[in-house]
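Working notes for the structure below.
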Amino acid sequence: MKTIRLISELQELIDRNKRNHQTVGFVPTMGFLHAGHLSLVEQARKENDIVVMSIFVNPAQFGPGEDFEAYPRDEAYDSKLASEAGVDILFMPNRDEMYPHDGGIQILPGSQATSLCGAKRPGHFDGVLKVVLKLFNIVDPDSSYFGMKDAQQLAIIETFVRDFNLRTKIKRVPTVREKDGLAKSSRNVNLSGEERLVAPVIHQALENGKVLFDQGVSVRKVEKEVAEQITNNSSAQIDYVSLLAYPSLLPYTPEAEEAIIACAVKFEKTRLIDNIIMSTKGEEYVSNDDE
């Protein structure tokens, strides 16, 4: 594995690979790697000649009072995991390399950014699209791999790529979970021992919501039941529980081909998100349970 910190060096190497007709799969991350990230690498490894991973904690997507400084980082451990997973090129730029100038140009997401996490994090997805566009231009990947745990982010990036004719193909990779159902997340390390024991109720409640949805229970009733199951069985505070059409993230109607039940909950020191994406035929994307 080759570790690169300069944009110019990375682009020169990728150009050389492409001249040799090698396909490039790209896994963008903010580091502190876990099995969820490695599942993206695994999929990219199967489908491409070269796998590029980026690790960059993007300040543009953190709002005032959010946890940019507290976001977990472990460069040495991340490098070890990336190498063992089969990453060919690890791109780890610093802030000055990624954002040397600010010309004031902004990329603004549409209505998809006004619900779920976007409703309480104004500017967050502006920052996501800013760094994603830069990374796509830097890496020029044939395919880019995103986990379905961050379903709103995934929907916005899919729309961005489609509407602006970006060359990369977005590949969805199912959520990786602990054996008890908790979605893998870099933020799980911030849970107390007691919080970690009850945190699986998040996924259990979403699964129950899926059952109710398949039975034809109303949207509002499904949302209410999911929220009550979480609050009655943990110390978590509900940020939101929403059932929406996917990937539009508009109010659900039976005409939608996919639906999402998504939630965000707050424990004492961290905020966790999770979701289930379903087809209107009652099918579900299967998550990857950690072995």
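We name chains A, B, ... following the order of the structure tokens; residues begin at 1 in each chain, and ligands are numbered from 1 as shown.
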Determine which residues of range 4-216 of chain A DSSP labels as strand (DSSP E) from the backbone of this structure, then write them out as number ranges by chain. A: 4, 24-29, 50-55, 89-91, 143-147, 169-173, 176-177
Any chance you could tabulate, as CSV, the residues of range 131-235 of chain A at most 9 Å from range 4-13 of chain A with each one's nearest atom pair and distance in Å to one decimal, using only C-alpha atoms, in chain and rising number order?
```
residue,atom,partner,partner_atom,distance
A:Ile138,CA,A:Gln11,CA,6.3
A:Val139,CA,A:Gln11,CA,6.5
A:Asp140,CA,A:Gln11,CA,8.5
```
Counting only C-alpha atoms, the option among A:Ala236, A:Ala259, A:Ala227, A:Leu212 closest to Ile276 in chain A: A:Ala259
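For the pair CA of Ala155 in chain A and CA of Ser248 in chain A, the interatomic distance is 7.3 Å.
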Spatial neighbours of Gly31 in chain A, max dist 12 Å, only C-alpha atoms, sep filter under 2 positions, as an MDAnalysis selection string: chainID A and resid 27:29 33:38 53:58 71:82 90:93 185:187
Residue contacts of range 237-244 of chain A (8 Å, only C-alpha atoms) excluding same-chain residues fewer than 2 positions away, as a PyMOL selection string: chain A and resi 116+219+222-224+226-227+230-231+235+246+249-252+259-267
Just the selected residues (C-alpha atoms), exported as a PDB file, in the first residue's frame, please.
```pdb
ATOM      1  CA  LEU A 116     -33.618  13.844   8.920  1.00  0.00           C
ATOM      2  CA  VAL A 219     -46.652   6.323   8.703  1.00  0.00           C
ATOM      3  CA  VAL A 222     -44.926   3.485  12.727  1.00  0.00           C
ATOM      4  CA  GLU A 223     -42.841   6.515  13.703  1.00  0.00           C
ATOM      5  CA  LYS A 224     -44.531   6.722  17.104  1.00  0.00           C
ATOM      6  CA  VAL A 226     -40.323   3.144  16.920  1.00  0.00           C
ATOM      7  CA  ALA A 227     -39.687   6.227  19.049  1.00  0.00           C
ATOM      8  CA  ILE A 230     -36.280   3.336  21.976  1.00  0.00           C
ATOM      9  CA  THR A 231     -37.175   5.754  24.788  1.00  0.00           C
ATOM     10  CA  SER A 235     -31.626   6.509  28.183  1.00  0.00           C
ATOM     11  CA  TYR A 246     -36.310   6.934  -0.651  1.00  0.00           C
ATOM     12  CA  LEU A 249     -36.709  11.821   1.206  1.00  0.00           C
ATOM     13  CA  LEU A 250     -40.147  13.277   0.495  1.00  0.00           C
ATOM     14  CA  PRO A 251     -43.252  12.241   2.480  1.00  0.00           C
ATOM     15  CA  TYR A 252     -43.948   8.578   1.799  1.00  0.00           C
ATOM     16  CA  ALA A 259     -39.043   3.661   1.722  1.00  0.00           C
ATOM     17  CA  ILE A 260     -36.750   4.423   4.629  1.00  0.00           C
ATOM     18  CA  ILE A 261     -37.323   4.270   8.362  1.00  0.00           C
ATOM     19  CA  ALA A 262     -34.555   6.380   9.845  1.00  0.00           C
ATOM     20  CA  CYS A 263     -33.708   7.668  13.293  1.00  0.00           C
ATOM     21  CA  ALA A 264     -31.124   9.661  15.210  1.00  0.00           C
ATOM     22  CA  VAL A 265     -30.779   9.369  18.982  1.00  0.00           C
ATOM     23  CA  LYS A 266     -28.625  11.172  21.496  1.00  0.00           C
ATOM     24  CA  PHE A 267     -26.789   9.519  24.349  1.00  0.00           C
TER      25      PHE A 267
END
```
From range 21-177 of chain A, collect each residue whose DSSP state is alpha helix (DSSP H) and return the set as a VMD selection string. chain A and resid 35 to 47 75 to 85 95 to 98 116 to 120 124 to 139 151 to 163
Using only C-alpha atoms, which residue out of A:Phe213, A:Phe136, A:Phe62, A:Phe125 lies closest to Gly110 in chain A? A:Phe125
At a cut-off of 12 Å, using only C-alpha atoms, what residues contact range 171-181 of chain A? Leave out same-chain residues fewer than 4 positions from it and give the result as a ChimeraX atom specification. /A:25-27,34-44,47,141-151,153-155,157-158,161,185,188,196-207,273-277,284-291
